[in-house]
file data_32.pdb (PDB, C-alpha atoms, pLDDT in the B column)
ATOM      1  CA  MET G   1      12.636 -10.633 -13.888  1.00 90.00           C
ATOM      2  CA  LYS G   2      10.546  -7.548 -14.599  1.00 95.00           C
ATOM      3  CA  ALA G   3       9.043  -5.740 -11.622  1.00 96.00           C
ATOM      4  CA  LEU G   4       6.283  -3.176 -11.170  1.00 97.00           C
ATOM      5  CA  VAL G   5       5.795  -0.988  -8.136  1.00 98.00           C
ATOM      6  CA  VAL G   6       2.297   0.434  -8.471  1.00 98.00           C
ATOM      7  CA  TYR G   7       0.771   2.778  -5.930  1.00 98.00           C
ATOM      8  CA  SER G   8      -2.427   4.613  -5.109  1.00 98.00           C
ATOM      9  CA  THR G   9      -2.152   7.766  -3.029  1.00 97.00           C
ATOM     10  CA  LYS G  10      -4.087  10.861  -2.030  1.00 94.00           C
ATOM     11  CA  THR G  11      -1.547  12.494   0.263  1.00 94.00           C
ATOM     12  CA  LYS G  12       1.734  11.109  -1.161  1.00 97.00           C
ATOM     13  CA  ASN G  13       2.210   8.904   1.931  1.00 97.00           C
ATOM     14  CA  THR G  14       2.019   5.695  -0.099  1.00 98.00           C
ATOM     15  CA  LEU G  15       4.195   7.238  -2.803  1.00 98.00           C
ATOM     16  CA  LYS G  16       7.027   7.642  -0.258  1.00 98.00           C
ATOM     17  CA  LEU G  17       6.932   3.918   0.461  1.00 98.00           C
ATOM     18  CA  ALA G  18       6.614   3.052  -3.233  1.00 98.00           C
ATOM     19  CA  GLU G  19       9.707   5.082  -4.112  1.00 98.00           C
ATOM     20  CA  ALA G  20      11.734   3.439  -1.339  1.00 98.00           C
ATOM     21  CA  LEU G  21      10.667  -0.031  -2.450  1.00 97.00           C
ATOM     22  CA  TYR G  22      11.417   0.827  -6.086  1.00 98.00           C
ATOM     23  CA  ASP G  23      14.928   1.976  -5.122  1.00 97.00           C
ATOM     24  CA  THR G  24      15.475  -1.341  -3.301  1.00 96.00           C
ATOM     25  CA  LEU G  25      14.623  -3.580  -6.258  1.00 96.00           C
ATOM     26  CA  ARG G  26      17.487  -4.908  -8.360  1.00 91.00           C
ATOM     27  CA  TYR G  27      15.321  -6.123 -11.242  1.00 89.00           C
ATOM     28  CA  ARG G  28      14.280  -4.371 -14.414  1.00 96.00           C
ATOM     29  CA  LYS G  29      11.599  -2.220 -12.855  1.00 97.00           C
ATOM     30  CA  GLU G  30       8.954   0.428 -13.309  1.00 98.00           C
ATOM     31  CA  LEU G  31       7.206   2.739 -10.842  1.00 98.00           C
ATOM     32  CA  LYS G  32       3.665   3.692 -11.834  1.00 98.00           C
ATOM     33  CA  SER G  33       0.629   5.331 -10.337  1.00 98.00           C
ATOM     34  CA  ILE G  34      -2.428   3.128 -10.303  1.00 98.00           C
ATOM     35  CA  THR G  35      -4.138   5.907 -12.305  1.00 97.00           C
ATOM     36  CA  ASP G  36      -1.787   4.984 -15.196  1.00 97.00           C
ATOM     37  CA  ASN G  37      -3.685   1.678 -15.347  1.00 95.00           C
ATOM     38  CA  PRO G  38      -0.605  -0.552 -15.776  1.00 97.00           C
ATOM     39  CA  ASP G  39      -1.160  -4.062 -17.112  1.00 95.00           C
ATOM     40  CA  PRO G  40      -0.003  -6.572 -14.480  1.00 95.00           C
ATOM     41  CA  GLU G  41       0.455  -9.195 -17.197  1.00 93.00           C
ATOM     42  CA  ASP G  42       3.631  -7.398 -18.320  1.00 92.00           C
ATOM     43  CA  TYR G  43       5.449  -8.141 -15.022  1.00 96.00           C
ATOM     44  CA  ASP G  44       6.758 -11.094 -13.007  1.00 95.00           C
ATOM     45  CA  PHE G  45       6.740  -9.279  -9.647  1.00 96.00           C
ATOM     46  CA  ILE G  46       4.217  -6.648  -8.571  1.00 97.00           C
ATOM     47  CA  ALA G  47       4.350  -4.532  -5.420  1.00 98.00           C
ATOM     48  CA  VAL G  48       1.004  -2.855  -4.803  1.00 98.00           C
ATOM     49  CA  GLY G  49       0.804   0.132  -2.456  1.00 98.00           C
ATOM     50  CA  PHE G  50      -2.483   1.583  -1.316  1.00 98.00           C
ATOM     51  CA  TRP G  51      -4.185   3.750   1.248  1.00 97.00           C
ATOM     52  CA  VAL G  52      -6.925   2.417   3.472  1.00 95.00           C
ATOM     53  CA  LYS G  53     -10.478   3.717   3.244  1.00 93.00           C
ATOM     54  CA  ASP G  54     -13.197   2.438   5.569  1.00 89.00           C
ATOM     55  CA  GLY G  55     -11.170  -0.637   6.526  1.00 92.00           C
ATOM     56  CA  LYS G  56     -10.539  -1.639   2.886  1.00 96.00           C
ATOM     57  CA  PRO G  57      -8.013  -0.845   0.190  1.00 98.00           C
ATOM     58  CA  ASP G  58      -8.922   2.361  -1.646  1.00 97.00           C
ATOM     59  CA  PRO G  59     -11.355   1.945  -4.591  1.00 98.00           C
ATOM     60  CA  ALA G  60      -8.714   2.110  -7.363  1.00 98.00           C
ATOM     61  CA  THR G  61      -6.690  -0.642  -5.671  1.00 98.00           C
ATOM     62  CA  MET G  62      -9.808  -2.759  -5.157  1.00 97.00           C
ATOM     63  CA  GLU G  63     -10.271  -2.581  -8.922  1.00 97.00           C
ATOM     64  CA  PHE G  64      -6.611  -3.285  -9.774  1.00 97.00           C
ATOM     65  CA  LEU G  65      -5.850  -6.271  -7.516  1.00 97.00           C
ATOM     66  CA  PRO G  66      -8.145  -8.816  -9.258  1.00 96.00           C
ATOM     67  CA  LYS G  67      -6.283  -8.149 -12.530  1.00 95.00           C
ATOM     68  CA  ILE G  68      -3.218  -9.931 -11.108  1.00 95.00           C
ATOM     69  CA  ARG G  69      -3.142 -13.441 -12.561  1.00 87.00           C
ATOM     70  CA  ASP G  70      -0.877 -16.338 -13.434  1.00 83.00           C
ATOM     71  CA  LYS G  71       0.687 -16.782 -10.002  1.00 86.00           C
ATOM     72  CA  LYS G  72       2.687 -13.535 -10.210  1.00 92.00           C
ATOM     73  CA  GLU G  73       4.771 -12.733  -7.129  1.00 96.00           C
ATOM     74  CA  VAL G  74       3.030  -9.980  -5.154  1.00 97.00           C
ATOM     75  CA  PHE G  75       3.967  -7.747  -2.239  1.00 97.00           C
ATOM     76  CA  LEU G  76       1.285  -5.577  -0.630  1.00 98.00           C
ATOM     77  CA  PHE G  77       1.976  -2.390   1.323  1.00 98.00           C
ATOM     78  CA  ALA G  78      -0.291   0.289   2.728  1.00 97.00           C
ATOM     79  CA  THR G  79      -0.506   3.540   4.631  1.00 97.00           C
ATOM     80  CA  HIS G  80      -3.316   4.340   7.024  1.00 96.00           C
ATOM     81  CA  ALA G  81      -4.316   6.610   9.894  1.00 95.00           C
ATOM     82  CA  SER G  82      -5.196   3.761  12.260  1.00 93.00           C
ATOM     83  CA  ALA G  83      -2.832   2.214  14.766  1.00 91.00           C
ATOM     84  CA  ARG G  84      -0.352  -0.150  13.108  1.00 87.00           C
ATOM     85  CA  ASP G  85      -1.939  -3.507  13.950  1.00 85.00           C
ATOM     86  CA  SER G  86      -5.523  -2.372  14.382  1.00 90.00           C
ATOM     87  CA  GLU G  87      -8.548  -4.312  13.174  1.00 89.00           C
ATOM     88  CA  PRO G  88      -9.237  -1.997  10.184  1.00 88.00           C
ATOM     89  CA  ILE G  89      -5.693  -2.562   8.918  1.00 92.00           C
ATOM     90  CA  ARG G  90      -5.799  -6.320   9.396  1.00 94.00           C
ATOM     91  CA  ASN G  91      -9.129  -6.301   7.551  1.00 95.00           C
ATOM     92  CA  ALA G  92      -7.782  -4.155   4.692  1.00 96.00           C
ATOM     93  CA  MET G  93      -4.833  -6.513   4.181  1.00 96.00           C
ATOM     94  CA  LYS G  94      -7.118  -9.529   4.348  1.00 97.00           C
ATOM     95  CA  ILE G  95      -9.292  -8.027   1.601  1.00 97.00           C
ATOM     96  CA  ALA G  96      -6.234  -7.083  -0.489  1.00 98.00           C
ATOM     97  CA  ARG G  97      -4.867 -10.636  -0.193  1.00 96.00           C
ATOM     98  CA  LYS G  98      -8.197 -12.097  -1.240  1.00 96.00           C
ATOM     99  CA  LEU G  99      -8.504  -9.768  -4.253  1.00 97.00           C
ATOM    100  CA  ALA G 100      -4.963 -10.635  -5.394  1.00 95.00           C
ATOM    101  CA  ASN G 101      -5.497 -14.356  -4.827  1.00 87.00           C
ATOM    102  CA  LYS G 102      -4.315 -15.310  -8.317  1.00 91.00           C
ATOM    103  CA  GLY G 103      -0.867 -14.059  -7.317  1.00 92.00           C
ATOM    104  CA  ARG G 104       1.590 -15.555  -4.840  1.00 94.00           C
ATOM    105  CA  ILE G 105       1.675 -13.143  -1.882  1.00 95.00           C
ATOM    106  CA  LEU G 106       5.253 -12.793  -0.635  1.00 96.00           C
ATOM    107  CA  GLY G 107       4.391 -10.469   2.235  1.00 96.00           C
ATOM    108  CA  THR G 108       2.533  -7.413   3.478  1.00 96.00           C
ATOM    109  CA  PHE G 109       3.579  -4.217   5.210  1.00 96.00           C
ATOM    110  CA  GLY G 110       1.577  -1.344   6.662  1.00 95.00           C
ATOM    111  CA  CYS G 111       2.426   1.837   8.504  1.00 96.00           C
ATOM    112  CA  GLN G 112       0.676   4.978   9.558  1.00 97.00           C
ATOM    113  CA  GLY G 113       0.386   7.860   7.139  1.00 97.00           C
ATOM    114  CA  GLU G 114      -0.385  11.447   8.047  1.00 97.00           C
ATOM    115  CA  VAL G 115      -3.927  12.657   7.418  1.00 96.00           C
ATOM    116  CA  SER G 116      -4.184  16.115   5.889  1.00 94.00           C
ATOM    117  CA  PRO G 117      -5.112  18.914   8.308  1.00 94.00           C
ATOM    118  CA  GLU G 118      -8.140  19.701   6.117  1.00 95.00           C
ATOM    119  CA  MET G 119      -9.442  16.148   6.461  1.00 94.00           C
ATOM    120  CA  MET G 120      -8.800  16.120  10.217  1.00 96.00           C
ATOM    121  CA  GLU G 121     -10.740  19.363  10.559  1.00 96.00           C
ATOM    122  CA  LYS G 122     -13.600  18.055   8.433  1.00 95.00           C
ATOM    123  CA  ILE G 123     -13.888  14.832  10.469  1.00 95.00           C
ATOM    124  CA  ALA G 124     -13.537  16.681  13.787  1.00 96.00           C
ATOM    125  CA  ALA G 125     -16.647  18.707  12.916  1.00 97.00           C
ATOM    126  CA  LYS G 126     -18.773  15.578  12.488  1.00 95.00           C
ATOM    127  CA  ASP G 127     -20.874  14.173  15.318  1.00 96.00           C
ATOM    128  CA  THR G 128     -19.873  10.593  14.526  1.00 95.00           C
ATOM    129  CA  LYS G 129     -16.214   9.993  13.878  1.00 94.00           C
ATOM    130  CA  PRO G 130     -14.675   6.985  12.117  1.00 92.00           C
ATOM    131  CA  PRO G 131     -12.723   4.474  14.227  1.00 88.00           C
ATOM    132  CA  TRP G 132      -9.346   5.646  12.842  1.00 92.00           C
ATOM    133  CA  PHE G 133      -9.840   9.244  13.983  1.00 95.00           C
ATOM    134  CA  ALA G 134      -8.566   8.619  17.529  1.00 94.00           C
ATOM    135  CA  ASP G 135      -5.320   7.143  16.139  1.00 95.00           C
ATOM    136  CA  ALA G 136      -4.788   9.816  13.464  1.00 96.00           C
ATOM    137  CA  PRO G 137      -2.842  12.349  15.595  1.00 96.00           C
ATOM    138  CA  ALA G 138      -0.125   9.706  16.105  1.00 96.00           C
ATOM    139  CA  ALA G 139       0.175   9.416  12.307  1.00 96.00           C
ATOM    140  CA  LYS G 140       1.486  12.970  11.979  1.00 96.00           C
ATOM    141  CA  GLY G 141       4.836  12.964  10.175  1.00 97.00           C
ATOM    142  CA  HIS G 142       4.457   9.381   8.921  1.00 97.00           C
ATOM    143  CA  PRO G 143       5.676   7.616   6.977  1.00 98.00           C
ATOM    144  CA  ASP G 144       9.012   8.771   8.318  1.00 97.00           C
ATOM    145  CA  GLU G 145      12.582   7.529   7.812  1.00 97.00           C
ATOM    146  CA  LYS G 146      12.078   4.786  10.409  1.00 97.00           C
ATOM    147  CA  ASP G 147       8.934   3.518   8.638  1.00 97.00           C
ATOM    148  CA  ILE G 148      10.769   3.491   5.311  1.00 98.00           C
ATOM    149  CA  ALA G 149      13.750   1.653   6.826  1.00 98.00           C
ATOM    150  CA  GLU G 150      11.354  -0.932   8.325  1.00 97.00           C
ATOM    151  CA  LEU G 151       9.695  -1.457   4.929  1.00 98.00           C
ATOM    152  CA  VAL G 152      13.018  -1.962   3.167  1.00 97.00           C
ATOM    153  CA  HIS G 153      14.322  -4.275   5.907  1.00 97.00           C
ATOM    154  CA  PHE G 154      11.100  -6.313   5.960  1.00 97.00           C
ATOM    155  CA  PHE G 155      11.080  -6.638   2.172  1.00 97.00           C
ATOM    156  CA  ASN G 156      14.768  -7.574   1.914  1.00 95.00           C
ATOM    157  CA  THR G 157      14.506 -10.079   4.765  1.00 95.00           C
ATOM    158  CA  ASN G 158      11.218 -11.752   3.847  1.00 91.00           C
ATOM    159  CA  CYS G 159      10.563 -11.289   0.158  1.00 89.00           C
ATOM    160  CA  ILE G 160      13.789 -11.520  -1.818  1.00 76.00           C
TER
END

call {"tool": "encode", "arguments": {"input": "data_32.pdb", "output": "structure tokens"}}
result
Amino acid sequence: MKALVVYSTKTKNTLKLAEALYDTLRYRKELKSITDNPDPEDYDFIAVGFWVKDGKPDPATMEFLPKIRDKKEVFLFATHASARDSEPIRNAMKIARKLANKGRILGTFGCQGEVSPEMMEKIAAKDTKPPWFADAPAAKGHPDEKDIAELVHFFNTNCI
């Protein structure tokens, strides 16, 4: 089996999870940024990591997911500023699942990811703040070792 762990990241939060998942896999494997535009057809298993923007997967991931075809095995994982099981995160995973619907979804995992201080400052200055802003302070320092351990445990228990 040939596996791909592909990730999209702005702050390296999703990259941390992608590297941990990559290290867990026992298949022939590759770790690639979504900006490398990997061809999903070359793989039997694809783990797709993304960050959440406006309650959806980031734009690059939204473009990549429909390219998955032929009933490939797929695992979705994400980082976000919102609370772990909040509506924006459930919605983002629902959209990701729908976009990757040609693949066989083995599971999904999401955890908070720290928002850069510059972005927090920029949003704090706005009159209207996005729904995730109230949860963002709790995301500081995430993903941490516990988040990574949860990802690996979840994947090994539910997807292999």

call {"tool": "closest_atom_pairs", "arguments": {"input": "data_32.pdb", "of": "stretch 46-112 of chain G", "to": "stretch 148-151 of chain G", "cutoff": "9 Å", "atoms": "all atoms listed in the file", "output": "CSV"}}
result
residue,atom,partner,partner_atom,distance
G:Phe77,CA,G:Leu151,CA,8.6
G:Phe109,CA,G:Leu151,CA,6.7
G:Gly110,CA,G:Leu151,CA,8.3
G:Cys111,CA,G:Leu151,CA,8.7

call {"tool": "residues_around", "arguments": {"input": "data_32.pdb", "residues": "stretch 41-53 of chain G", "least_positions_apart": "4", "cutoff": "7 Å", "atoms": "only C-alpha atoms", "output": "PyMOL selection string"}}
result
chain G and resi 1-9+14+18+57-58+61+72-80+92

call {"tool": "closest_residue", "arguments": {"input": "data_32.pdb", "among": "G:Leu21, G:Leu31, G:Ala134, G:Ile123", "to": "G:Phe154", "atoms": "all atoms listed in the file"}}
result
G:Leu21

call {"tool": "atom_distance", "arguments": {"input": "data_32.pdb", "atom1": "atom CA of G:Thr128", "atom2": "atom CA of G:Glu87"}}
result
18.8 Å

call {"tool": "residues_around", "arguments": {"input": "data_32.pdb", "residues": "G:Lys67", "least_positions_apart": "2", "cutoff": "10 Å", "atoms": "only C-alpha atoms", "output": "ChimeraX atom specification"}}
result
/G:39-41,62-65,69-70,99-103

call {"tool": "closest_residue", "arguments": {"input": "data_32.pdb", "among": "G:Lys56, G:Lys146, G:Lys32, G:Lys10", "to": "G:Arg97", "atoms": "all atoms listed in the file"}}
result
G:Lys56

call {"tool": "atom_distance", "arguments": {"input": "data_32.pdb", "atom1": "atom CA of G:Lys140", "atom2": "atom CA of G:Gly113"}}
result
7.1 Å

call {"tool": "atom_distance", "arguments": {"input": "data_32.pdb", "atom1": "atom CA of G:Arg26", "atom2": "atom CA of G:Leu106"}}
result
16.5 Å

call {"tool": "closest_residue", "arguments": {"input": "data_32.pdb", "among": "G:Cys159, G:Val152, G:Ala139, G:Ala125", "to": "G:Tyr22", "atoms": "all atoms listed in the file"}}
result
G:Val152

call {"tool": "axis_aligned_box", "arguments": {"input": "data_32.pdb", "around": "stretch 78-89 of chain G", "padding_each_side": "5 Å", "output": "JSON"}}
result
{"center_x": -4.8, "center_y": 1.1, "center_z": 8.7, "size_x": 18.9, "size_y": 20.9, "size_z": 22.0}

call {"tool": "closest_residue", "arguments": {"input": "data_32.pdb", "among": "G:Asp135, G:Asp127, G:Asp36, G:Asp23", "to": "G:Gln112", "atoms": "only C-alpha atoms"}}
result
G:Asp135

call {"tool": "closest_residue", "arguments": {"input": "data_32.pdb", "among": "G:Trp132, G:Arg84, G:Met120, G:Lys16", "to": "G:Asp54", "atoms": "all atoms listed in the file"}}
result
G:Trp132

call {"tool": "closest_residue", "arguments": {"input": "data_32.pdb", "among": "G:Phe133, G:Asn91, G:His153, G:Lys98", "to": "G:Ile68", "atoms": "all atoms listed in the file"}}
result
G:Lys98
